[in-house]
Every structure is written in C-alpha cells, then in structure tokens.
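With compact mmCIF, C-alpha atoms inside, this is target_7.txt:
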# COMPACT_ATOMS: atom_id res chain seq x y z
CA MET D 1 -36.54 13.06 -21.20
CA THR D 2 -37.34 11.15 -24.35
CA GLU D 3 -38.87 13.08 -27.19
CA LEU D 4 -42.15 11.98 -28.65
CA ARG D 5 -41.92 10.75 -32.17
CA LEU D 6 -44.49 10.65 -34.90
CA ASP D 7 -43.45 7.13 -35.96
CA ARG D 8 -44.42 3.83 -34.51
CA ALA D 9 -43.29 0.30 -35.26
CA PRO D 10 -45.95 -1.95 -36.78
CA GLY D 11 -47.28 -4.22 -34.06
CA ASP D 12 -46.54 -1.71 -31.31
CA ALA D 13 -49.34 -0.10 -29.38
CA SER D 14 -49.39 3.68 -29.65
CA THR D 15 -46.99 5.52 -27.35
CA ARG D 16 -49.37 8.46 -27.08
CA VAL D 17 -52.30 6.24 -26.21
CA GLN D 18 -50.51 5.19 -23.02
CA PHE D 19 -50.99 8.69 -21.64
CA GLU D 20 -54.69 8.66 -22.31
CA ALA D 21 -57.10 6.31 -20.61
CA ALA D 22 -56.60 3.63 -23.27
CA PRO D 23 -57.66 0.06 -22.53
CA PRO D 24 -54.71 -2.20 -21.65
CA GLY D 25 -53.25 -4.55 -24.27
CA LEU D 26 -55.06 -7.58 -22.91
CA VAL D 27 -58.44 -5.92 -23.47
CA ILE D 28 -57.52 -4.95 -27.05
CA TYR D 29 -56.43 -8.51 -27.93
CA THR D 30 -59.58 -9.95 -26.32
CA ILE D 31 -61.87 -7.59 -28.24
CA GLY D 32 -60.05 -8.65 -31.42
CA LEU D 33 -60.50 -12.33 -30.56
CA PHE D 34 -64.22 -11.76 -29.89
CA PHE D 35 -64.80 -10.08 -33.28
CA ALA D 36 -62.66 -12.66 -35.10
CA VAL D 37 -64.62 -15.57 -33.58
CA LEU D 38 -67.91 -13.82 -34.41
CA LEU D 39 -66.90 -13.28 -38.06
CA THR D 40 -65.50 -16.82 -38.43
CA ALA D 41 -68.69 -18.33 -37.01
CA THR D 42 -70.75 -16.17 -39.38
CA SER D 43 -68.63 -17.36 -42.34
CA PHE D 44 -69.20 -21.03 -41.46
CA TRP D 45 -72.92 -20.36 -40.97
CA VAL D 46 -73.17 -18.57 -44.33
CA ALA D 47 -71.47 -21.49 -46.10
CA ASN D 48 -73.84 -24.05 -44.59
CA THR D 49 -77.23 -22.37 -44.44
CA SER D 50 -79.90 -22.76 -47.07
CA LEU D 51 -81.60 -19.52 -46.00
CA LEU D 52 -79.44 -17.30 -48.19
CA TRP D 53 -79.59 -16.72 -51.92
CA ALA D 54 -77.01 -19.22 -53.23
CA PRO D 55 -75.31 -17.04 -55.91
CA GLY D 56 -74.60 -14.34 -53.31
CA ILE D 57 -72.83 -16.64 -50.86
CA SER D 58 -69.34 -16.35 -52.35
CA ILE D 59 -69.52 -12.54 -52.31
CA GLY D 60 -70.73 -12.69 -48.70
CA LEU D 61 -67.79 -14.96 -47.77
CA VAL D 62 -65.31 -12.56 -49.41
CA VAL D 63 -66.82 -9.59 -47.53
CA LEU D 64 -66.67 -11.48 -44.20
CA ALA D 65 -63.06 -12.52 -44.89
CA ILE D 66 -62.00 -8.93 -45.65
CA ALA D 67 -63.78 -7.71 -42.50
CA GLN D 68 -61.95 -10.33 -40.41
CA MET D 69 -58.61 -9.39 -41.98
CA GLY D 70 -59.37 -5.79 -40.94
CA VAL D 71 -60.09 -6.93 -37.37
CA HIS D 72 -56.76 -8.80 -37.27
CA LEU D 73 -54.89 -5.76 -38.63
CA VAL D 74 -56.40 -3.36 -36.10
CA PHE D 75 -56.56 -5.47 -32.93
CA PHE D 76 -53.62 -7.90 -33.38
CA LEU D 77 -51.19 -5.89 -35.53
CA HIS D 78 -52.29 -2.49 -34.10
CA ILE D 79 -52.39 -0.81 -37.51
CA THR D 80 -54.49 2.31 -37.01
CA THR D 81 -55.20 5.58 -38.80
CA GLY D 82 -53.23 7.57 -36.20
CA PRO D 83 -50.58 10.05 -37.40
CA ASP D 84 -47.79 7.93 -35.88
CA ASN D 85 -48.80 5.05 -38.16
CA THR D 86 -48.64 6.80 -41.55
CA ASN D 87 -45.63 4.87 -42.86
CA ASN D 88 -47.07 1.50 -41.91
CA VAL D 89 -50.47 2.32 -43.43
CA LEU D 90 -48.91 3.61 -46.67
CA ALA D 91 -46.85 0.42 -47.04
CA LEU D 92 -49.99 -1.62 -46.36
CA ALA D 93 -51.96 0.42 -48.92
CA PHE D 94 -49.30 -0.26 -51.56
CA GLY D 95 -49.36 -3.98 -50.70
CA ILE D 96 -53.16 -4.04 -51.01
CA LEU D 97 -52.93 -2.26 -54.38
CA ILE D 98 -50.57 -4.96 -55.73
CA VAL D 99 -52.72 -7.75 -54.27
CA LEU D 100 -55.84 -6.31 -55.91
CA LEU D 101 -54.05 -5.89 -59.26
CA VAL D 102 -52.79 -9.49 -59.17
CA LEU D 103 -56.15 -10.96 -58.16
CA ALA D 104 -58.49 -8.85 -60.29
CA GLY D 105 -56.11 -8.83 -63.27
CA SER D 106 -55.64 -12.62 -63.29
CA LEU D 107 -59.33 -13.39 -62.88
CA TRP D 108 -60.39 -10.82 -65.49
CA ILE D 109 -57.82 -11.89 -68.12
CA MET D 110 -58.40 -15.61 -67.62
CA LYS D 111 -62.18 -15.20 -67.77
CA ASP D 112 -61.79 -13.19 -70.97
CA LEU D 113 -59.53 -15.86 -72.49
CA ASP D 114 -61.95 -18.56 -71.43
CA THR D 115 -64.84 -16.78 -73.20
CA ASN D 116 -63.01 -15.66 -76.32
CA MET D 117 -60.83 -18.68 -77.02
CA MET D 118 -63.72 -21.15 -76.80
CA LEU D 119 -63.87 -22.67 -80.27
CA SER D 120 -67.18 -23.25 -81.98
CA PRO D 121 -68.09 -26.96 -82.39
CA GLU D 122 -67.48 -26.84 -86.19
CA LEU D 123 -64.05 -25.35 -85.69
CA MET D 124 -63.26 -28.00 -83.04
CA GLN D 125 -64.16 -30.71 -85.55
CA HIS D 126 -62.04 -29.06 -88.18
CA MET D 127 -59.04 -28.84 -85.82
CA GLN D 128 -59.22 -32.50 -84.88
CA HIS D 129 -58.89 -33.69 -88.48
CA MET T 1 -48.45 11.97 -8.54
CA SER T 2 -46.92 9.98 -11.37
CA VAL T 3 -49.95 10.74 -13.52
CA ALA T 4 -49.49 14.44 -12.90
CA VAL T 5 -45.83 14.18 -13.94
CA ALA T 6 -46.80 12.30 -17.08
CA ASP T 7 -49.41 14.94 -17.93
CA HIS T 8 -46.87 17.64 -17.35
CA ALA T 9 -44.32 15.84 -19.50
CA ILE T 10 -46.64 15.48 -22.45
CA ASP T 11 -47.38 19.21 -22.34
CA GLU T 12 -43.72 20.12 -22.24
CA VAL T 13 -42.36 17.86 -24.97
CA PRO T 14 -43.18 19.25 -28.40
CA LEU T 15 -44.18 16.72 -31.04
CA VAL T 16 -41.32 16.51 -33.53
CA ALA T 17 -42.15 16.09 -37.19
CA ALA T 18 -40.84 12.80 -38.59
CA SER T 19 -38.64 14.70 -41.06
CA GLU T 20 -36.92 16.64 -38.28
CA ALA T 21 -36.63 13.92 -35.68
CA GLY T 22 -33.36 12.43 -36.95
CA PRO T 23 -32.78 8.73 -37.52
CA ALA T 24 -35.62 6.50 -36.34
CA PRO T 25 -34.96 4.21 -33.37
CA LYS T 26 -33.87 0.67 -34.19
CA ARG T 27 -37.19 -0.79 -33.06
CA ILE T 28 -39.07 1.18 -35.73
CA VAL T 29 -36.51 0.48 -38.48
CA VAL T 30 -36.48 -3.29 -37.79
CA ALA T 31 -40.24 -3.64 -37.50
CA TYR T 32 -40.87 -1.50 -40.58
CA GLY T 33 -38.42 -3.53 -42.64
CA PHE T 34 -40.06 -6.76 -41.48
CA TRP T 35 -43.48 -5.26 -42.25
CA ILE T 36 -42.30 -4.66 -45.86
CA PHE T 37 -41.15 -8.31 -46.04
CA LEU T 38 -44.53 -9.50 -44.76
CA LEU T 39 -46.34 -7.39 -47.36
CA SER T 40 -44.18 -8.95 -50.08
CA ASP T 41 -45.06 -12.36 -48.66
CA ILE T 42 -48.76 -11.41 -48.87
CA VAL T 43 -48.24 -10.37 -52.51
CA MET T 44 -46.73 -13.82 -53.19
CA PHE T 45 -49.73 -15.49 -51.56
CA SER T 46 -52.05 -13.33 -53.67
CA ALA T 47 -50.47 -14.87 -56.80
CA LEU T 48 -51.16 -18.36 -55.39
CA PHE T 49 -54.74 -17.29 -54.54
CA ALA T 50 -55.20 -15.98 -58.11
CA ALA T 51 -53.87 -19.27 -59.54
CA TYR T 52 -56.26 -21.24 -57.32
CA ALA T 53 -59.26 -19.06 -58.25
CA VAL T 54 -58.51 -19.47 -61.96
CA LEU T 55 -57.96 -23.26 -61.74
CA LYS T 56 -60.74 -24.03 -59.25
CA ARG T 57 -62.94 -25.72 -61.84
CA ALA T 58 -60.11 -27.45 -63.74
CA THR T 59 -60.59 -30.80 -61.96
CA ALA T 60 -59.86 -32.88 -65.11
CA GLY T 61 -62.58 -35.37 -64.13
CA GLY T 62 -60.94 -35.87 -60.72
CA PRO T 63 -62.36 -35.17 -57.27
CA THR T 64 -63.74 -31.68 -56.55
CA GLY T 65 -63.22 -29.63 -53.42
CA ALA T 66 -66.75 -30.33 -52.17
CA GLU T 67 -65.98 -34.09 -52.23
CA LEU T 68 -62.56 -33.78 -50.59
CA PHE T 69 -62.82 -31.15 -47.87
CA ASN T 70 -63.87 -32.03 -44.33
CA GLN T 71 -65.54 -29.03 -42.73
CA VAL T 72 -65.04 -30.15 -39.12
CA SER T 73 -61.30 -30.43 -39.64
CA VAL T 74 -61.20 -26.95 -41.25
CA ALA T 75 -63.18 -25.45 -38.35
CA LEU T 76 -60.77 -27.01 -35.84
CA GLU T 77 -57.72 -25.78 -37.78
CA THR T 78 -59.23 -22.27 -37.87
CA ALA T 79 -59.95 -22.33 -34.14
CA PHE T 80 -56.42 -23.55 -33.29
CA LEU T 81 -54.73 -20.91 -35.45
CA LEU T 82 -56.92 -18.07 -34.18
CA ALA T 83 -56.35 -19.07 -30.54
CA SER T 84 -52.62 -19.36 -31.27
CA SER T 85 -52.60 -15.83 -32.73
CA TYR T 86 -54.32 -14.58 -29.55
CA THR T 87 -51.85 -16.29 -27.19
CA CYS T 88 -49.01 -14.91 -29.34
CA GLY T 89 -50.43 -11.43 -28.65
CA LEU T 90 -50.53 -12.21 -24.92
CA MET T 91 -46.92 -13.40 -25.17
CA SER T 92 -45.85 -10.06 -26.68
CA LEU T 93 -47.55 -8.27 -23.76
CA ALA T 94 -45.52 -10.45 -21.36
CA ILE T 95 -42.33 -9.63 -23.29
CA ARG T 96 -43.11 -5.90 -23.06
CA SER T 97 -43.26 -6.14 -19.27
CA LYS T 98 -40.32 -8.64 -19.19
CA ARG T 99 -42.16 -11.40 -17.36
CA HIS T 100 -40.25 -14.65 -17.94
CA VAL T 101 -42.85 -17.20 -16.84
CA ALA T 102 -45.69 -15.54 -18.78
CA THR T 103 -43.48 -15.38 -21.88
CA TYR T 104 -42.63 -19.10 -21.70
CA LEU T 105 -46.28 -19.95 -21.02
CA GLY T 106 -47.49 -17.83 -23.96
CA GLY T 107 -44.82 -19.30 -26.22
CA ALA T 108 -45.66 -22.87 -25.18
CA VAL T 109 -49.43 -22.45 -25.73
CA THR T 110 -48.80 -20.71 -29.08
CA PHE T 111 -46.51 -23.58 -30.11
CA VAL T 112 -48.92 -26.34 -29.06
CA LEU T 113 -51.88 -24.71 -30.87
CA GLY T 114 -49.77 -24.10 -33.99
CA ALA T 115 -48.51 -27.70 -33.93
CA ALA T 116 -52.11 -28.95 -33.54
CA PHE T 117 -53.05 -26.91 -36.62
CA LEU T 118 -50.12 -28.36 -38.56
CA GLY T 119 -50.93 -31.91 -37.44
CA LEU T 120 -54.54 -31.60 -38.67
CA GLU T 121 -53.35 -30.16 -41.97
CA ILE T 122 -50.83 -32.97 -42.51
CA ARG T 123 -53.53 -35.55 -41.70
CA GLU T 124 -55.86 -33.87 -44.21
CA PHE T 125 -53.17 -33.91 -46.93
CA ALA T 126 -52.35 -37.56 -46.19
CA ASN T 127 -56.05 -38.51 -46.45
CA MET T 128 -56.38 -36.70 -49.76
CA ILE T 129 -53.26 -38.33 -51.19
CA ALA T 130 -54.47 -41.75 -50.00
CA GLN T 131 -57.69 -41.16 -51.99
CA GLY T 132 -55.65 -40.46 -55.12
CA ALA T 133 -56.12 -36.70 -54.87
CA THR T 134 -52.43 -35.95 -55.37
CA PRO T 135 -51.05 -32.63 -56.71
CA GLN T 136 -50.46 -34.29 -60.09
CA ARG T 137 -54.11 -35.37 -60.44
CA SER T 138 -55.52 -32.07 -61.74
CA ALA T 139 -54.72 -28.38 -62.09
CA PHE T 140 -57.19 -27.71 -59.26
CA LEU T 141 -55.27 -29.99 -56.91
CA SER T 142 -51.89 -28.55 -57.99
CA ALA T 143 -53.13 -25.06 -57.15
CA PHE T 144 -54.68 -26.27 -53.87
CA PHE T 145 -51.50 -27.98 -52.62
CA ALA T 146 -49.35 -25.03 -53.74
CA LEU T 147 -51.47 -22.49 -51.83
CA VAL T 148 -52.34 -24.41 -48.66
CA GLY T 149 -48.97 -26.21 -48.63
CA CYS T 150 -47.09 -22.90 -48.85
CA HIS T 151 -49.06 -21.62 -45.85
CA GLY T 152 -48.29 -24.87 -44.00
CA LEU T 153 -44.57 -24.43 -44.75
CA HIS T 154 -44.74 -20.91 -43.31
CA ILE T 155 -46.37 -22.30 -40.16
CA THR T 156 -43.62 -24.94 -39.90
CA GLY T 157 -40.99 -22.23 -40.23
CA GLY T 158 -42.79 -20.15 -37.61
CA LEU T 159 -42.86 -23.07 -35.13
CA ILE T 160 -39.10 -23.64 -35.54
CA TRP T 161 -38.52 -19.88 -35.14
CA LEU T 162 -40.60 -19.89 -31.94
CA ILE T 163 -38.47 -22.69 -30.41
CA VAL T 164 -35.30 -20.78 -31.32
CA MET T 165 -36.71 -17.60 -29.75
CA MET T 166 -37.65 -19.39 -26.50
CA ALA T 167 -34.09 -20.75 -26.32
CA GLN T 168 -32.73 -17.22 -26.89
CA VAL T 169 -34.91 -15.83 -24.09
CA ALA T 170 -33.62 -18.60 -21.80
CA VAL T 171 -29.96 -18.02 -22.69
CA MET T 172 -29.74 -14.29 -23.40
CA GLY T 173 -32.73 -12.92 -21.48
CA PHE T 174 -34.72 -9.92 -22.66
CA ARG T 175 -31.93 -8.11 -24.50
CA THR T 176 -32.91 -5.54 -27.11
CA ARG T 177 -31.83 -7.90 -29.89
CA VAL T 178 -34.01 -10.72 -28.56
CA GLN T 179 -36.96 -8.38 -28.06
CA LEU T 180 -36.72 -7.14 -31.66
CA ARG T 181 -36.67 -10.73 -32.96
CA LEU T 182 -39.66 -11.65 -30.79
CA MET T 183 -41.51 -8.61 -32.16
CA CYS T 184 -40.80 -9.76 -35.73
CA PHE T 185 -41.99 -13.26 -34.82
CA SER T 186 -45.33 -12.03 -33.52
CA LEU T 187 -45.84 -9.89 -36.65
CA PHE T 188 -45.11 -13.01 -38.74
CA TRP T 189 -47.49 -15.20 -36.74
CA HIS T 190 -50.38 -12.69 -36.88
CA THR T 191 -49.87 -12.29 -40.65
CA LEU T 192 -50.06 -16.07 -41.17
CA ASP T 193 -53.43 -16.02 -39.41
CA ILE T 194 -54.61 -13.24 -41.77
CA ILE T 195 -53.62 -15.42 -44.76
CA TRP T 196 -55.44 -18.39 -43.22
CA VAL T 197 -58.63 -16.26 -43.08
CA GLY T 198 -58.37 -15.96 -46.87
CA ILE T 199 -57.70 -19.69 -47.25
CA PHE T 200 -60.58 -20.97 -45.15
CA SER T 201 -63.01 -18.54 -46.78
CA VAL T 202 -61.97 -18.80 -50.43
CA VAL T 203 -60.68 -22.38 -50.61
CA TYR T 204 -62.73 -24.40 -48.13
CA LEU T 205 -66.01 -22.59 -47.45
CA MET T 206 -66.61 -21.57 -51.08
CA ALA T 207 -66.12 -25.19 -52.14
CA ILE T 208 -68.49 -26.45 -49.43
CA ALA T 209 -71.16 -23.76 -49.97
CA PRO T 210 -74.15 -24.85 -52.07
Go ahead and express the file in the form of structure tokens.
Amino acid sequence: MTELRLDRAPGDASTRVQFEAAPPGLVIYTIGLFFAVLLTATSFWVANTSLLWAPGISIGLVVLAIAQMGVHLVFFLHITTGPDNTNNVLALAFGILIVLLVLAGSLWIMKDLDTNMMLSPELMQHMQH
Amino acid sequence: MSVAVADHAIDEVPLVAASEAGPAPKRIVVAYGFWIFLLSDIVMFSALFAAYAVLKRATAGGPTGAELFNQVSVALETAFLLASSYTCGLMSLAIRSKRHVATYLGGAVTFVLGAAFLGLEIREFANMIAQGATPQRSAFLSAFFALVGCHGLHITGGLIWLIVMMAQVAVMGFRTRVQLRLMCFSLFWHTLDIIWVGIFSVVYLMAIAP
C-alpha cells in the first residue's frame, strides 16, 4: 500500500483528486483551452475596438494577459492552492516577486531618469558649445 | 467494488506530513527542480520585457511597432501556440496511461503546430529585416528582436527536444526516465505559451492599439 504524500510534482494532477469525483484530465485541459481562447479573443478585440477609452487600453491588456497566465497555470500546469502544492506555489510566488521587482523597478527608475535628466533648452544650448 | 476498496484505502492510510514522509519520490524532485529552472527562465524573460518596455519609444526616427506588426500573423501565431500547448497536454495524458499511438499523435500535432508558429515568426522577422527594420536600426528594434527572438530560440529548442523525446519513446518505451523527461518537456512547452501571452499582449497588441 502506497502512503499518501502531501507533495505533488508541478504539472501533475492531484493524487487525492483521483479519489473524488474529479473531472478527467481531458475535461480540465479543454476548459483551460476554452478560457484561454476567450481571453485571447477579448485581448484582440480590446486592441482593435474604438468603443473603449484609449488611455485605459494598455492596462486592460495587462489585466487580460495576467488572467490568461493564471488560466494556463491552473488548467495546463495544474498549479492549485491545495495543500499538496505548497512547495510549487511558494516557488512560483518567489518567482513572481522577482519578476515584479525587475519590471516595476526598471520602469520606475527609467521614468524617473527620463523626467529628471531632461535638460532645459538653455542648458542644452550651453552644452553644445 | 474497486471504488469501495479505494474509499476504504483512503480512510486507512493516514496523511503523512511532508517533514515526516522521508525523501520525496524522484518524480517530485525532478519536476520541482525543473519548475525552479522554468521560474529562473521567466525571471530572465522579465528582464527582456523590462528592457523592451523602457525602450519602446526609442525608435531613433526608424519604423515604429504600429507600422511593422501584422496583426493577422500575430493572431495565427497565437492560435498555433495555444493549440500546440493543448495537444501537449493531451500528449501527457496519453503518456500517463502509456498509450503509444496517442503519444505519437499528440507529439506530432504539437510539433507541427509549434513549427507553424516558428515558420510564421521567421517570415515576420525576414519581412522586417527586408524593410530595413534590423536589430541595429534602433534601441526599440534591438529590444524587440532580443525578446521575441529569445522566445523563438526557446521554441526551436523545444521542437528539437520533442523529436528527441519521440525517438526515446520509440527506442526505450515508457521507462521512468523517459516519462520524467516527457513531464519536464510538457512543463517547458506550457511555460513558453505563458511567456507568449505576455509577448502578444505587451509587444504586439499594445503597439497596434490606438
């Protein structure tokens, strides 16, 4: 008799779920595909429509992209909040932390530099001579 | 009857805490290690994304993204890669139940869709370079080719890996070693699709959007 463990490999469906009336793998992948197609189609629509407020479109695209990444993680990579997935989720959380630091830090610092290092026209003239 | 046994078994076996369960099985160790590698790969891509976002407007008088990108081609690439990720998932189901024909079929469809994606991307790059939009033209184009090209290289590597894995299934069958490698491959392929979601949203659609 094999003992039940509290760990699960990333990408593996839950071992405990198999005992419950969980949908088979095919159904899970198909649900994921359905949501992914829906979100992708929405993204392309958002980028092309003139119905939406233009300055908000990039934020909308980022939100849709993050939602679709979540769908891929849950339905294709089977990363869940279950207790057997703690290690995988913690590693993912650390990865997301680094990604956010790199992205937000770079954009923030470069925007700051862009604003603060812009020389006034007189100073520009002075520098050129 | 078998259900009753299974129900009985789950009542009898106590759940062991991870700290008391002894060494983890090889499947968990291998997949977890590969998961850490994939996360480090995502961190590397995030640096390329940050570089692209910073340099997006630095076109140096050259062509902008809105002038260069072809939305139909991007939509097709997205569809091919998403479908390929789905068939890769179906392939891992076939591997789990050790069905040879379904595994080869899933692998072949995944390969063809991935190759179609790569073909479209190479055609797009060739068109851009023919128009003079080379990586040396502007900082924007350098960042674009670094980010999208790096993803394309990963896809190329994945396609070669898939051929090798199909050969290993043919020669060695579904040994544990082969199964572990196939599991790592499907993690890799799904992760590349996640990165492509970021690329088509941030690089292509944001450039096309009004």
Give me, as an MDAnalysis selection string, all polymer residues having an atom no more than 7 Å from segment 106-112 of chain D, counting all atoms listed in the file and skipping those fewer than 3 positions away in the same chain. (chainID D and resid 102:103 115:116) or (chainID T and resid 50 54)
Preceding selection exported with C-alpha atoms as an mmCIF file, keeping the file's coordinate frame:
data_model
loop_
_atom_site.group_PDB
_atom_site.id
_atom_site.type_symbol
_atom_site.label_atom_id
_atom_site.label_comp_id
_atom_site.auth_asym_id
_atom_site.auth_seq_id
_atom_site.Cartn_x
_atom_site.Cartn_y
_atom_site.Cartn_z
ATOM 1 C CA VAL D 102 -52.790 -9.490 -59.170
ATOM 2 C CA LEU D 103 -56.150 -10.960 -58.160
ATOM 3 C CA THR D 115 -64.840 -16.780 -73.200
ATOM 4 C CA ASN D 116 -63.010 -15.660 -76.320
ATOM 5 C CA ALA T 50 -55.200 -15.980 -58.110
ATOM 6 C CA VAL T 54 -58.510 -19.470 -61.960
#
Would you list which chain T residues are within 8 Å of chain D using only C-alpha atoms, as number ranges by chain? T: 6-7, 13-18, 21, 24, 27-29, 31-32, 35-36, 39-40, 42-43, 46-47, 49-51, 53-54, 82-83, 86, 89-90, 93, 183, 187, 190, 194, 197-198, 201-202, 205-206, 208-210
Please provide as JSON, numbers by chain all residues within 12 Å of Leu118 of chain T, with the sequence filter that same-chain residues fewer than 4 positions apart are discarded (counting all atoms listed in the file). {"T": [73, 74, 76, 77, 78, 80, 81, 84, 111, 112, 113, 114, 122, 123, 124, 125, 148, 149, 151, 152, 153, 154, 155, 156, 157, 158, 159]}
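One distance worth recording is that between atom CA of Phe140 of chain T and atom CA of Leu55 of chain T, which is 5.2 Å.
Counting from atom CA of Gly65 of chain T, the distance to atom CA of Tyr204 of chain T is 7.5 Å.
Going from atom CA of Val178 of chain T to atom CA of Phe34 of chain T covers 14.8 Å.
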